[in-house]
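S.K.: My structure is in protein_2.cif, and what it holds is mmCIF, C-alpha atoms and all ligand atoms:
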```cif
data_target
#
loop_
_atom_site.group_PDB
_atom_site.id
_atom_site.type_symbol
_atom_site.label_atom_id
_atom_site.label_comp_id
_atom_site.auth_asym_id
_atom_site.auth_seq_id
_atom_site.Cartn_x
_atom_site.Cartn_y
_atom_site.Cartn_z
ATOM 1 C CA MET K 1 -94.084 -63.328 -88.960
ATOM 2 C CA LYS K 2 -96.892 -61.144 -87.645
ATOM 3 C CA LYS K 3 -97.258 -57.928 -89.652
ATOM 4 C CA ILE K 4 -96.968 -54.968 -87.308
ATOM 5 C CA ASN K 5 -98.901 -51.749 -87.648
ATOM 6 C CA LEU K 6 -96.030 -49.263 -88.023
ATOM 7 C CA GLU K 7 -96.404 -45.508 -88.547
ATOM 8 C CA ILE K 8 -93.212 -43.591 -89.353
ATOM 9 C CA LEU K 9 -93.760 -39.938 -88.407
ATOM 10 C CA GLN K 10 -91.682 -36.847 -89.144
ATOM 11 C CA GLU K 11 -89.908 -35.357 -86.106
ATOM 12 C CA LYS K 12 -91.477 -31.938 -86.449
ATOM 13 C CA THR K 13 -95.024 -33.271 -86.194
ATOM 14 C CA PHE K 14 -94.284 -36.382 -84.112
ATOM 15 C CA ALA K 15 -95.636 -35.174 -80.767
ATOM 16 C CA SER K 16 -98.697 -33.461 -82.295
ATOM 17 C CA SER K 17 -99.605 -36.469 -84.425
ATOM 18 C CA ILE K 18 -99.562 -38.802 -81.441
ATOM 19 C CA ALA K 19 -101.301 -36.254 -79.196
ATOM 20 C CA GLU K 20 -104.054 -36.107 -81.823
ATOM 21 C CA GLU K 21 -104.438 -39.907 -81.754
ATOM 22 C CA ILE K 22 -104.515 -39.981 -77.928
ATOM 23 C CA VAL K 23 -107.184 -37.253 -77.781
ATOM 24 C CA THR K 24 -109.348 -39.123 -80.282
ATOM 25 C CA VAL K 25 -109.108 -42.423 -78.396
ATOM 26 C CA LEU K 26 -109.772 -40.919 -74.964
ATOM 27 C CA ASN K 27 -112.695 -38.800 -76.156
ATOM 28 C CA TYR K 28 -114.286 -41.832 -77.792
ATOM 29 C CA ALA K 29 -114.029 -43.727 -74.496
ATOM 30 C CA ILE K 30 -115.439 -40.785 -72.504
ATOM 31 C CA GLU K 31 -118.357 -40.442 -74.919
ATOM 32 C CA GLU K 32 -118.984 -44.170 -74.745
ATOM 33 C CA LYS K 33 -118.817 -44.769 -70.986
ATOM 34 C CA GLY K 34 -118.226 -41.474 -69.209
ATOM 35 C CA PHE K 35 -114.552 -42.029 -68.436
ATOM 36 C CA ALA K 36 -111.298 -43.226 -70.009
ATOM 37 C CA THR K 37 -108.411 -45.308 -68.693
ATOM 38 C CA LEU K 38 -104.914 -44.360 -69.849
ATOM 39 C CA SER K 39 -101.765 -46.258 -68.881
ATOM 40 C CA LEU K 40 -98.701 -44.038 -69.247
ATOM 41 C CA ALA K 41 -95.239 -44.887 -70.546
ATOM 42 C CA GLY K 42 -92.226 -43.785 -68.544
ATOM 43 C CA GLY K 43 -88.713 -42.824 -69.601
ATOM 44 C CA GLN K 44 -87.773 -39.855 -71.783
ATOM 45 C CA THR K 45 -89.544 -40.483 -75.095
ATOM 46 C CA PRO K 46 -93.130 -39.725 -74.065
ATOM 47 C CA SER K 47 -92.301 -36.488 -72.192
ATOM 48 C CA GLY K 48 -92.553 -34.429 -75.390
ATOM 49 C CA ILE K 49 -95.958 -35.927 -76.126
ATOM 50 C CA TYR K 50 -97.206 -35.275 -72.589
ATOM 51 C CA ARG K 51 -96.026 -31.660 -72.904
ATOM 52 C CA ARG K 52 -97.822 -31.368 -76.243
ATOM 53 C CA LEU K 53 -101.052 -32.706 -74.709
ATOM 54 C CA SER K 54 -100.852 -30.079 -71.964
ATOM 55 C CA ARG K 55 -100.786 -27.217 -74.486
ATOM 56 C CA PRO K 56 -103.448 -25.871 -76.887
ATOM 57 C CA PRO K 57 -105.407 -27.205 -78.560
ATOM 58 C CA TYR K 58 -105.212 -30.616 -76.868
ATOM 59 C CA ASP K 59 -105.336 -29.336 -73.254
ATOM 60 C CA LYS K 60 -108.923 -28.255 -73.798
ATOM 61 C CA GLN K 61 -110.019 -30.963 -76.248
ATOM 62 C CA ILE K 62 -110.563 -33.521 -73.497
ATOM 63 C CA ASP K 63 -112.358 -33.320 -70.153
ATOM 64 C CA TRP K 64 -109.198 -34.524 -68.404
ATOM 65 C CA SER K 65 -111.133 -34.874 -65.139
ATOM 66 C CA LYS K 66 -112.736 -37.967 -66.677
ATOM 67 C CA VAL K 67 -109.404 -39.718 -67.332
ATOM 68 C CA TYR K 68 -107.902 -42.347 -65.011
ATOM 69 C CA PHE K 69 -104.098 -42.110 -65.163
ATOM 70 C CA ILE K 70 -102.238 -45.358 -64.537
ATOM 71 C CA TRP K 71 -98.449 -45.879 -64.638
ATOM 72 C CA GLY K 72 -97.249 -48.763 -66.822
ATOM 73 C CA ASP K 73 -94.180 -48.893 -64.633
ATOM 74 C CA GLU K 74 -92.400 -46.893 -61.984
ATOM 75 C CA ARG K 75 -88.990 -46.731 -60.460
ATOM 76 C CA TYR K 76 -88.846 -47.460 -56.729
ATOM 77 C CA VAL K 77 -87.688 -43.927 -55.889
ATOM 78 C CA PRO K 78 -89.322 -40.979 -54.069
ATOM 79 C CA LEU K 79 -92.033 -39.300 -56.140
ATOM 80 C CA ASP K 80 -89.906 -36.117 -56.405
ATOM 81 C CA ASP K 81 -86.819 -38.043 -57.542
ATOM 82 C CA VAL K 82 -85.434 -37.039 -60.941
ATOM 83 C CA ASN K 83 -85.878 -40.666 -62.048
ATOM 84 C CA SER K 84 -89.515 -40.894 -60.990
ATOM 85 C CA ASN K 85 -92.004 -41.488 -63.801
ATOM 86 C CA TYR K 86 -94.645 -39.921 -61.562
ATOM 87 C CA ARG K 87 -92.555 -36.739 -61.362
ATOM 88 C CA MET K 88 -91.990 -36.713 -65.152
ATOM 89 C CA VAL K 89 -95.714 -37.101 -65.891
ATOM 90 C CA ASN K 90 -96.647 -34.498 -63.281
ATOM 91 C CA GLU K 91 -94.228 -31.901 -64.632
ATOM 92 C CA THR K 92 -95.021 -32.477 -68.314
ATOM 93 C CA LEU K 93 -98.780 -33.072 -68.115
ATOM 94 C CA LEU K 94 -100.761 -33.385 -64.888
ATOM 95 C CA ASN K 95 -99.697 -30.060 -63.360
ATOM 96 C CA ASN K 96 -100.888 -28.264 -66.490
ATOM 97 C CA ILE K 97 -104.354 -29.755 -67.090
ATOM 98 C CA ASN K 98 -107.591 -30.014 -65.134
ATOM 99 C CA VAL K 99 -107.428 -33.523 -63.630
ATOM 100 C CA ASP K 100 -109.527 -35.282 -60.987
ATOM 101 C CA LYS K 101 -106.922 -36.136 -58.308
ATOM 102 C CA VAL K 102 -108.961 -39.199 -57.327
ATOM 103 C CA LYS K 103 -108.282 -40.636 -60.788
ATOM 104 C CA ILE K 104 -104.507 -40.223 -60.549
ATOM 105 C CA LEU K 105 -103.563 -43.810 -59.710
ATOM 106 C CA SER K 106 -99.823 -43.545 -59.020
ATOM 107 C CA VAL K 107 -97.537 -46.089 -57.403
ATOM 108 C CA ASN K 108 -96.913 -45.526 -53.698
ATOM 109 C CA THR K 109 -93.138 -45.708 -53.601
ATOM 110 C CA THR K 110 -92.996 -44.670 -49.929
ATOM 111 C CA LEU K 111 -93.828 -48.250 -48.873
ATOM 112 C CA SER K 112 -91.109 -50.375 -47.260
ATOM 113 C CA SER K 113 -89.968 -52.245 -50.396
ATOM 114 C CA TYR K 114 -90.463 -52.358 -54.154
ATOM 115 C CA THR K 115 -92.322 -55.656 -53.823
ATOM 116 C CA GLU K 116 -94.656 -54.109 -51.211
ATOM 117 C CA ALA K 117 -95.215 -51.142 -53.528
ATOM 118 C CA ALA K 118 -96.093 -53.521 -56.379
ATOM 119 C CA LYS K 119 -98.543 -55.498 -54.226
ATOM 120 C CA ASN K 120 -100.144 -52.257 -53.040
ATOM 121 C CA TYR K 121 -100.388 -50.953 -56.615
ATOM 122 C CA SER K 122 -102.110 -54.112 -57.705
ATOM 123 C CA GLU K 123 -104.735 -53.570 -54.963
ATOM 124 C CA ILE K 124 -105.143 -49.889 -55.880
ATOM 125 C CA LEU K 125 -105.913 -50.829 -59.486
ATOM 126 C CA LYS K 126 -108.344 -53.586 -58.467
ATOM 127 C CA ASN K 127 -110.201 -51.329 -56.040
ATOM 128 C CA LYS K 128 -110.221 -48.006 -57.886
ATOM 129 C CA LEU K 129 -110.929 -49.294 -61.401
ATOM 130 C CA GLU K 130 -113.746 -51.623 -60.317
ATOM 131 C CA GLY K 131 -113.026 -54.214 -62.969
ATOM 132 C CA ASN K 132 -112.361 -51.792 -65.828
ATOM 133 C CA LEU K 133 -109.028 -53.474 -66.543
ATOM 134 C CA ASP K 134 -109.220 -53.434 -70.329
ATOM 135 C CA PHE K 135 -107.532 -50.029 -70.539
ATOM 136 C CA ASP K 136 -108.715 -47.785 -73.348
ATOM 137 C CA LEU K 137 -105.142 -46.930 -74.200
ATOM 138 C CA VAL K 138 -101.728 -48.114 -73.057
ATOM 139 C CA LEU K 139 -98.674 -46.085 -74.045
ATOM 140 C CA LEU K 140 -95.409 -48.031 -74.106
ATOM 141 C CA GLY K 141 -91.790 -47.211 -74.855
ATOM 142 C CA MET K 142 -89.106 -49.659 -75.869
ATOM 143 C CA GLY K 143 -85.576 -49.789 -74.524
ATOM 144 C CA SER K 144 -82.658 -50.487 -76.869
ATOM 145 C CA ASP K 145 -82.505 -53.922 -75.200
ATOM 146 C CA GLY K 146 -86.105 -54.576 -76.285
ATOM 147 C CA HIS K 147 -87.708 -54.163 -72.857
ATOM 148 C CA THR K 148 -91.037 -52.450 -72.466
ATOM 149 C CA ALA K 149 -92.569 -51.056 -69.296
ATOM 150 C CA SER K 150 -90.227 -52.746 -66.809
ATOM 151 C CA ILE K 151 -90.420 -56.151 -68.444
ATOM 152 C CA PHE K 152 -86.789 -56.930 -69.133
ATOM 153 C CA PRO K 153 -85.266 -59.680 -71.298
ATOM 154 C CA ASN K 154 -85.307 -63.179 -69.769
ATOM 155 C CA ASP K 155 -87.502 -62.156 -66.843
ATOM 156 C CA PRO K 156 -89.516 -65.250 -65.783
ATOM 157 C CA LEU K 157 -92.680 -63.125 -65.686
ATOM 158 C CA ILE K 158 -92.609 -63.227 -69.478
ATOM 159 C CA ASP K 159 -93.415 -66.961 -69.354
ATOM 160 C CA ASP K 160 -96.628 -66.215 -67.438
ATOM 161 C CA TYR K 161 -98.131 -64.180 -70.262
ATOM 162 C CA ASP K 162 -101.217 -65.817 -71.673
ATOM 163 C CA PRO K 163 -103.577 -63.442 -73.518
ATOM 164 C CA ASN K 164 -106.522 -65.738 -72.897
ATOM 165 C CA SER K 165 -106.086 -66.482 -69.217
ATOM 166 C CA PHE K 166 -106.207 -63.022 -67.616
ATOM 167 C CA ASN K 167 -107.966 -63.432 -64.269
ATOM 168 C CA PRO K 168 -107.552 -60.317 -62.100
ATOM 169 C CA GLU K 169 -109.308 -62.046 -59.191
ATOM 170 C CA LYS K 170 -106.513 -64.571 -58.990
ATOM 171 C CA GLU K 171 -103.404 -62.762 -60.195
ATOM 172 C CA ASP K 172 -101.287 -59.744 -59.331
ATOM 173 C CA LEU K 173 -101.658 -56.777 -61.672
ATOM 174 C CA ALA K 174 -98.238 -55.344 -60.803
ATOM 175 C CA LEU K 175 -94.935 -56.921 -59.823
ATOM 176 C CA GLY K 176 -91.659 -55.795 -58.286
ATOM 177 C CA VAL K 177 -88.719 -56.358 -60.640
ATOM 178 C CA ILE K 178 -85.019 -55.554 -60.851
ATOM 179 C CA ASN K 179 -83.676 -53.713 -63.885
ATOM 180 C CA PRO K 180 -80.722 -55.947 -64.905
ATOM 181 C CA ASN K 181 -79.048 -52.996 -66.638
ATOM 182 C CA ASP K 182 -78.443 -51.090 -63.408
ATOM 183 C CA SER K 183 -79.870 -53.303 -60.635
ATOM 184 C CA THR K 184 -82.446 -50.645 -59.728
ATOM 185 C CA GLU K 185 -85.774 -51.686 -58.234
ATOM 186 C CA ARG K 186 -88.910 -51.164 -60.240
ATOM 187 C CA ILE K 187 -92.648 -51.803 -60.283
ATOM 188 C CA THR K 188 -94.260 -52.947 -63.527
ATOM 189 C CA LEU K 189 -97.742 -53.816 -64.705
ATOM 190 C CA THR K 190 -97.877 -57.441 -65.802
ATOM 191 C CA PRO K 191 -98.043 -58.382 -69.495
ATOM 192 C CA ASN K 192 -101.501 -59.852 -68.853
ATOM 193 C CA LEU K 193 -102.768 -56.458 -67.712
ATOM 194 C CA ILE K 194 -100.841 -54.336 -70.228
ATOM 195 C CA PHE K 195 -101.935 -56.335 -73.245
ATOM 196 C CA ASN K 196 -105.500 -56.771 -72.016
ATOM 197 C CA ALA K 197 -105.957 -53.187 -73.257
ATOM 198 C CA LYS K 198 -108.207 -52.233 -76.144
ATOM 199 C CA LEU K 199 -105.404 -50.219 -77.753
ATOM 200 C CA VAL K 200 -101.616 -50.130 -77.323
ATOM 201 C CA PHE K 201 -99.374 -47.414 -78.772
ATOM 202 C CA PHE K 202 -95.634 -48.070 -78.785
ATOM 203 C CA ILE K 203 -93.728 -44.786 -79.061
ATOM 204 C CA VAL K 204 -90.119 -45.235 -80.220
ATOM 205 C CA THR K 205 -87.700 -42.529 -81.323
ATOM 206 C CA GLY K 206 -84.016 -42.100 -82.072
ATOM 207 C CA ALA K 207 -81.392 -43.932 -84.114
ATOM 208 C CA ALA K 208 -80.316 -45.904 -81.016
ATOM 209 C CA LYS K 209 -83.595 -47.859 -81.224
ATOM 210 C CA SER K 210 -83.450 -48.646 -84.975
ATOM 211 C CA LYS K 211 -81.506 -51.919 -84.607
ATOM 212 C CA MET K 212 -83.927 -53.272 -81.998
ATOM 213 C CA LEU K 213 -86.900 -52.095 -84.042
ATOM 214 C CA ASN K 214 -85.506 -54.139 -86.954
ATOM 215 C CA GLU K 215 -85.348 -57.138 -84.637
ATOM 216 C CA VAL K 216 -88.971 -56.603 -83.612
ATOM 217 C CA VAL K 217 -90.229 -56.096 -87.161
ATOM 218 C CA SER K 218 -88.305 -58.815 -88.953
ATOM 219 C CA GLY K 219 -86.120 -60.723 -86.498
ATOM 220 C CA SER K 220 -86.798 -64.196 -85.174
ATOM 221 C CA LYS K 221 -85.891 -63.676 -81.532
ATOM 222 C CA SER K 222 -88.476 -64.691 -78.959
ATOM 223 C CA GLU K 223 -90.441 -62.443 -76.654
ATOM 224 C CA LYS K 224 -88.230 -63.735 -73.822
ATOM 225 C CA GLU K 225 -85.266 -62.096 -75.580
ATOM 226 C CA ILE K 226 -87.322 -59.083 -76.765
ATOM 227 C CA PRO K 227 -90.177 -58.449 -74.325
ATOM 228 C CA SER K 228 -91.705 -55.805 -76.630
ATOM 229 C CA LYS K 229 -92.629 -58.754 -78.872
ATOM 230 C CA LEU K 230 -95.121 -59.883 -76.230
ATOM 231 C CA SER K 231 -97.401 -57.450 -78.078
ATOM 232 C CA PHE K 232 -97.513 -59.916 -81.009
ATOM 233 C CA LYS K 233 -99.565 -62.328 -78.881
ATOM 234 C CA ALA K 234 -101.878 -59.611 -77.611
ATOM 235 C CA ASN K 235 -105.597 -59.390 -78.361
ATOM 236 C CA ALA K 236 -105.102 -55.613 -78.143
ATOM 237 C CA ASN K 237 -104.898 -53.486 -81.286
ATOM 238 C CA VAL K 238 -101.191 -52.446 -81.342
ATOM 239 C CA THR K 239 -99.702 -49.541 -83.303
ATOM 240 C CA TRP K 240 -96.024 -48.577 -83.368
ATOM 241 C CA PHE K 241 -95.365 -44.850 -83.775
ATOM 242 C CA VAL K 242 -91.713 -44.310 -84.655
ATOM 243 C CA ASP K 243 -89.734 -41.310 -85.855
ATOM 244 C CA SER K 244 -87.648 -41.398 -89.024
ATOM 245 C CA PHE K 245 -84.450 -42.122 -87.038
ATOM 246 C CA ALA K 246 -85.771 -45.193 -85.232
ATOM 247 C CA GLY K 247 -87.606 -46.245 -88.391
ATOM 248 C CA LYS K 248 -84.768 -45.500 -90.854
ATOM 249 C CA ASP K 249 -84.560 -49.117 -92.060
ATOM 250 C CA GLN K 250 -88.298 -49.689 -92.172
ATOM 251 C CA ARG K 251 -89.243 -47.825 -95.337
HETATM 252 C C1 LIG K 301 -89.155 -46.581 -67.982
HETATM 253 C C2 LIG K 301 -90.033 -47.011 -69.097
HETATM 254 C C3 LIG K 301 -89.284 -47.835 -70.072
HETATM 255 C C4 LIG K 301 -89.038 -46.914 -71.235
HETATM 256 C C5 LIG K 301 -87.983 -47.443 -72.147
HETATM 257 C C6 LIG K 301 -87.595 -46.379 -73.173
HETATM 258 O O1 LIG K 301 -89.655 -46.358 -66.870
HETATM 259 O O2 LIG K 301 -87.964 -46.386 -68.259
HETATM 260 O O3 LIG K 301 -91.235 -47.332 -68.863
HETATM 261 O O4 LIG K 301 -89.916 -48.991 -70.507
HETATM 262 O O5 LIG K 301 -90.251 -46.739 -71.957
HETATM 263 O O6 LIG K 301 -86.840 -47.747 -71.355
HETATM 264 O O7 LIG K 301 -87.073 -45.293 -72.440
HETATM 265 P P1 LIG K 301 -86.697 -43.916 -73.181
HETATM 266 O O8 LIG K 301 -87.962 -43.347 -73.686
HETATM 267 O O9 LIG K 301 -86.073 -43.089 -72.073
HETATM 268 O O10 LIG K 301 -85.728 -44.293 -74.282
#
```
Would you write the structure of this file as C-alpha cells?
Ligand code: 6PG
M.R.:
Amino acid sequence: MKKINLEILQEKTFASSIAEEIVTVLNYAIEEKGFATLSLAGGQTPSGIYRRLSRPPYDKQIDWSKVYFIWGDERYVPLDDVNSNYRMVNETLLNNINVDKVKILSVNTTLSSYTEAAKNYSEILKNKLEGNLDFDLVLLGMGSDGHTASIFPNDPLIDDYDPNSFNPEKEDLALGVINPNDSTERITLTPNLIFNAKLVFFIVTGAAKSKMLNEVVSGSKSEKEIPSKLSFKANANVTWFVDSFAGKDQR
C-alpha cells in the first residue's frame, strides 16, 4: 500500500496553513520561470482557503498577475449560477486580488453543450498555456463517494489514465461527464492532465469525509471505485491536507 503524505491540520489554522503553502509554491514558480500555473478545486471546501488568500498578508505576498488560473472542473451552468465554480472562485478570490484577466482560463459554459464546452476548454488550455501543462500546483477536493474533480466512480475515463503516456498533442485535456449522483453535466480535466502536475494538494475537511479517507489511506478498493486513488499512480508529489474531523481516524 502506497504511503500517503497526510497532514492533519487544526481547524483554526487550516485555511492559513494551506494558504501559506500555496503562496510558497506559486512564488517559487514565479521566481523560477516568471509565471505560475494553478489548477483550482471546486465545491465548498476550498472557498475558505481562497478567501484567506485574498486577505492580508497573502493577497500581497504574490504578484497574482503572474498566475494562470485553471479550473480542475466546472459545472455546465451559467457563470453567475450559484453552482458555478467560476462564480465561487471569483467571489472568494479573483475579485479581491490583482489578476491578469488574460490568465484567467475559465470554462466557457455558454457553448451549446457540456461536451462542446469541454472540447473548447481543452483547446483553450493547449493554446493559452503553450505547452506548460505540468501545472505548478493542482488543488483537489474529494467527495464522500471518493470522486475528485469531476472524475466519478466507475467512469470509463479512469481506465485511460496512464502517468507515462500523457501526449497533449493527441489527447483531450478536458472531457464532458455526467455526475451520477444528480445527473448534472460537468466538465473535468483528465487524470492525465491533473496528475501531470508538479504538485497536487488534496484538501479534505469534515467528519463526512473520514470514512472515505480511511478507504483511501488503508483500504484496498481500486481507483475505479475511488477515483481519488488515481493520485497513487501519479508522478506528481501529492500531499493530503485534512482537518481533524476528516482525519479523526488517521492519528
Ligand atoms: C466540484 C469539485 C468536487 C469537489 C468535491 C468535494 O466541482 O464539486 O471539484 O470534486 O472538490 O465534490 O466537494 P466539497 O468541497 O463541496 O465537499
S.K.: Taking all atoms listed in the file into account, which residues are within 10 Å of ligand LIG 301 (chain K), as a count of residues only?
M.R.: 43
S.K.: Can you work out which one of K:Ser220, K:Leu137, K:Met212, K:Leu53 has the shortest atom-to-atom distance to K:Gly247, counting only C-alpha atoms?
M.R.: K:Met212
S.K.: Which residues of stretch 136-180 of chain K sit at most 10 Å from stretch 114-131 of chain K, using all atoms listed in the file? Give each one's shortest atom pair and distance in Å (one decimal place), in chain and ascending residue order, as a tab-separated table.
M.R.:
```
residue	atom	partner	partner_atom	distance
K:Pro168	CA	K:Lys126	CA	7.7
K:Glu169	CA	K:Lys126	CA	8.5
K:Glu171	CA	K:Ser122	CA	9.1
K:Asp172	CA	K:Ser122	CA	5.9
K:Leu173	CA	K:Ser122	CA	4.8
K:Ala174	CA	K:Ser122	CA	5.1
K:Leu175	CA	K:Ala118	CA	5.0
K:Gly176	CA	K:Thr115	CA	4.5
K:Val177	CA	K:Thr115	CA	7.7
K:Ile178	CA	K:Tyr114	CA	9.2
```
S.K.: So that I can check the surroundings of K:Val238, please list as a count of residues only every protein, DNA and RNA residue that reaches within 7 Å of it, counting all atoms listed in the file and ignoring chain neighbours fewer than 2 positions away.
M.R.: 6
S.K.: Neighbours of stretch 15-23 of chain K within 12 Å (only C-alpha atoms; same-chain residues fewer than 5 positions away dropped), as a PDB file with C-alpha atoms, in the coordinates of the input?
M.R.:
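Below is the file that was written, around36.pdb:
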```
ATOM      1  CA  GLU K   7     -96.404 -45.508 -88.547  1.00  0.00           C
ATOM      2  CA  ILE K   8     -93.212 -43.591 -89.353  1.00  0.00           C
ATOM      3  CA  LEU K   9     -93.760 -39.938 -88.407  1.00  0.00           C
ATOM      4  CA  GLN K  10     -91.682 -36.847 -89.144  1.00  0.00           C
ATOM      5  CA  TYR K  28    -114.286 -41.832 -77.792  1.00  0.00           C
ATOM      6  CA  ALA K  29    -114.029 -43.727 -74.496  1.00  0.00           C
ATOM      7  CA  ILE K  30    -115.439 -40.785 -72.504  1.00  0.00           C
ATOM      8  CA  GLU K  31    -118.357 -40.442 -74.919  1.00  0.00           C
ATOM      9  CA  ALA K  36    -111.298 -43.226 -70.009  1.00  0.00           C
ATOM     10  CA  THR K  37    -108.411 -45.308 -68.693  1.00  0.00           C
ATOM     11  CA  LEU K  38    -104.914 -44.360 -69.849  1.00  0.00           C
ATOM     12  CA  SER K  39    -101.765 -46.258 -68.881  1.00  0.00           C
ATOM     13  CA  LEU K  40     -98.701 -44.038 -69.247  1.00  0.00           C
ATOM     14  CA  THR K  45     -89.544 -40.483 -75.095  1.00  0.00           C
ATOM     15  CA  PRO K  46     -93.130 -39.725 -74.065  1.00  0.00           C
ATOM     16  CA  SER K  47     -92.301 -36.488 -72.192  1.00  0.00           C
ATOM     17  CA  GLY K  48     -92.553 -34.429 -75.390  1.00  0.00           C
ATOM     18  CA  ILE K  49     -95.958 -35.927 -76.126  1.00  0.00           C
ATOM     19  CA  TYR K  50     -97.206 -35.275 -72.589  1.00  0.00           C
ATOM     20  CA  ARG K  51     -96.026 -31.660 -72.904  1.00  0.00           C
ATOM     21  CA  ARG K  52     -97.822 -31.368 -76.243  1.00  0.00           C
ATOM     22  CA  LEU K  53    -101.052 -32.706 -74.709  1.00  0.00           C
ATOM     23  CA  SER K  54    -100.852 -30.079 -71.964  1.00  0.00           C
ATOM     24  CA  ARG K  55    -100.786 -27.217 -74.486  1.00  0.00           C
ATOM     25  CA  PRO K  56    -103.448 -25.871 -76.887  1.00  0.00           C
ATOM     26  CA  PRO K  57    -105.407 -27.205 -78.560  1.00  0.00           C
ATOM     27  CA  TYR K  58    -105.212 -30.616 -76.868  1.00  0.00           C
ATOM     28  CA  ASP K  59    -105.336 -29.336 -73.254  1.00  0.00           C
ATOM     29  CA  LYS K  60    -108.923 -28.255 -73.798  1.00  0.00           C
ATOM     30  CA  GLN K  61    -110.019 -30.963 -76.248  1.00  0.00           C
ATOM     31  CA  ILE K  62    -110.563 -33.521 -73.497  1.00  0.00           C
ATOM     32  CA  ASP K  63    -112.358 -33.320 -70.153  1.00  0.00           C
ATOM     33  CA  TRP K  64    -109.198 -34.524 -68.404  1.00  0.00           C
ATOM     34  CA  VAL K  67    -109.404 -39.718 -67.332  1.00  0.00           C
ATOM     35  CA  LEU K  93     -98.780 -33.072 -68.115  1.00  0.00           C
ATOM     36  CA  ASP K 136    -108.715 -47.785 -73.348  1.00  0.00           C
ATOM     37  CA  LEU K 137    -105.142 -46.930 -74.200  1.00  0.00           C
ATOM     38  CA  VAL K 138    -101.728 -48.114 -73.057  1.00  0.00           C
ATOM     39  CA  LEU K 139     -98.674 -46.085 -74.045  1.00  0.00           C
ATOM     40  CA  LEU K 199    -105.404 -50.219 -77.753  1.00  0.00           C
ATOM     41  CA  VAL K 200    -101.616 -50.130 -77.323  1.00  0.00           C
ATOM     42  CA  PHE K 201     -99.374 -47.414 -78.772  1.00  0.00           C
ATOM     43  CA  PHE K 202     -95.634 -48.070 -78.785  1.00  0.00           C
ATOM     44  CA  ILE K 203     -93.728 -44.786 -79.061  1.00  0.00           C
ATOM     45  CA  VAL K 204     -90.119 -45.235 -80.220  1.00  0.00           C
ATOM     46  CA  THR K 205     -87.700 -42.529 -81.323  1.00  0.00           C
ATOM     47  CA  THR K 239     -99.702 -49.541 -83.303  1.00  0.00           C
ATOM     48  CA  TRP K 240     -96.024 -48.577 -83.368  1.00  0.00           C
ATOM     49  CA  PHE K 241     -95.365 -44.850 -83.775  1.00  0.00           C
ATOM     50  CA  VAL K 242     -91.713 -44.310 -84.655  1.00  0.00           C
ATOM     51  CA  ASP K 243     -89.734 -41.310 -85.855  1.00  0.00           C
TER      52      ASP K 243
END
```
S.K.: For K:Ser222, work out the shell of residues within 12 Å, counting only C-alpha atoms and skipping chain neighbours fewer than 6 positions away, then give it as an NGL selection string.
M.R.: :K and (1 or 146 or 153-154 or 158-159 or 215-216 or 228-233)
S.K.: Between K:Ala197, K:Tyr76, K:Leu111, K:Ile226, which is the closest to K:Asn214 once you count only C-alpha atoms?
M.R.: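 Of K:Ala197, K:Tyr76, K:Leu111, K:Ile226, the one nearest K:Asn214, counting only C-alpha atoms, is K:Ile226.
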S.K.: Tell me, in Å to one decimal, how far atom CA of K:Lys3 is from atom CA of K:Asn196.
M.R.: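 So the two atoms, atom CA of K:Lys3 and atom CA of K:Asn196, lie 19.5 Å apart.
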S.K.: Distance atom CA of K:Lys103-atom CA of K:Tyr161, one decimal place?
M.R.: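 Separation between atom CA of K:Lys103 and atom CA of K:Tyr161: 27.3 Å.
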S.K.: Applied to this file, what does the PyMOL selection byres (((chain K and resi 104) around 7) and not hetatm) return in terms of residues, put as a ChimeraX atom specification?
M.R.: /K:68-70,101-103,105-106
S.K.: For atom CA of K:Pro227 and atom CA of K:Ser210, quote the distance in Å rounded to one decimal.
M.R.: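 Separating atom CA of K:Pro227 from atom CA of K:Ser210 is a distance of 16.0 Å.
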S.K.: Identify which of the residues K:Asp182, K:Phe245, K:Met88, K:Ser65 lies closest to K:Asn27, counting all atoms listed in the file when measuring atom-to-atom distances.
M.R.: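 Answer, going by the shortest atom-to-atom distance: K:Ser65.
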S.K.: Given the choices K:Val82, K:Val217, K:Ala234, K:Ile97, which gets closest to K:Leu6 if the distance is worked out from all atoms listed in the file?
M.R.: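 That would be K:Val217, the residue with the smallest distance to K:Leu6.
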S.K.: N, CA, C and O atoms for stretch 190-196 of chain K, written as a PDB file, in the coordinates of the input, could you do that?
M.R.:
```pdb
ATOM      1  N   THR K 190     -98.179 -56.141 -65.192  1.00  0.00           N
ATOM      2  CA  THR K 190     -97.877 -57.441 -65.802  1.00  0.00           C
ATOM      3  C   THR K 190     -98.246 -57.416 -67.290  1.00  0.00           C
ATOM      4  O   THR K 190     -99.111 -56.621 -67.700  1.00  0.00           O
ATOM      5  N   PRO K 191     -97.640 -58.299 -68.074  1.00  0.00           N
ATOM      6  CA  PRO K 191     -98.043 -58.382 -69.495  1.00  0.00           C
ATOM      7  C   PRO K 191     -99.537 -58.671 -69.638  1.00  0.00           C
ATOM      8  O   PRO K 191    -100.201 -58.117 -70.514  1.00  0.00           O
ATOM      9  N   ASN K 192    -100.067 -59.542 -68.756  1.00  0.00           N
ATOM     10  CA  ASN K 192    -101.501 -59.852 -68.853  1.00  0.00           C
ATOM     11  C   ASN K 192    -102.357 -58.602 -68.752  1.00  0.00           C
ATOM     12  O   ASN K 192    -103.345 -58.445 -69.471  1.00  0.00           O
ATOM     13  N   LEU K 193    -101.973 -57.691 -67.858  1.00  0.00           N
ATOM     14  CA  LEU K 193    -102.768 -56.458 -67.712  1.00  0.00           C
ATOM     15  C   LEU K 193    -102.483 -55.500 -68.866  1.00  0.00           C
ATOM     16  O   LEU K 193    -103.403 -54.976 -69.504  1.00  0.00           O
ATOM     17  N   ILE K 194    -101.215 -55.284 -69.158  1.00  0.00           N
ATOM     18  CA  ILE K 194    -100.841 -54.336 -70.228  1.00  0.00           C
ATOM     19  C   ILE K 194    -101.547 -54.686 -71.536  1.00  0.00           C
ATOM     20  O   ILE K 194    -102.205 -53.854 -72.154  1.00  0.00           O
ATOM     21  N   PHE K 195    -101.449 -55.950 -71.915  1.00  0.00           N
ATOM     22  CA  PHE K 195    -101.935 -56.335 -73.245  1.00  0.00           C
ATOM     23  C   PHE K 195    -103.386 -56.784 -73.243  1.00  0.00           C
ATOM     24  O   PHE K 195    -103.906 -57.255 -74.247  1.00  0.00           O
ATOM     25  N   ASN K 196    -104.041 -56.588 -72.088  1.00  0.00           N
ATOM     26  CA  ASN K 196    -105.500 -56.771 -72.016  1.00  0.00           C
ATOM     27  C   ASN K 196    -106.216 -55.504 -72.491  1.00  0.00           C
ATOM     28  O   ASN K 196    -107.440 -55.430 -72.545  1.00  0.00           O
TER      29      ASN K 196
END
```
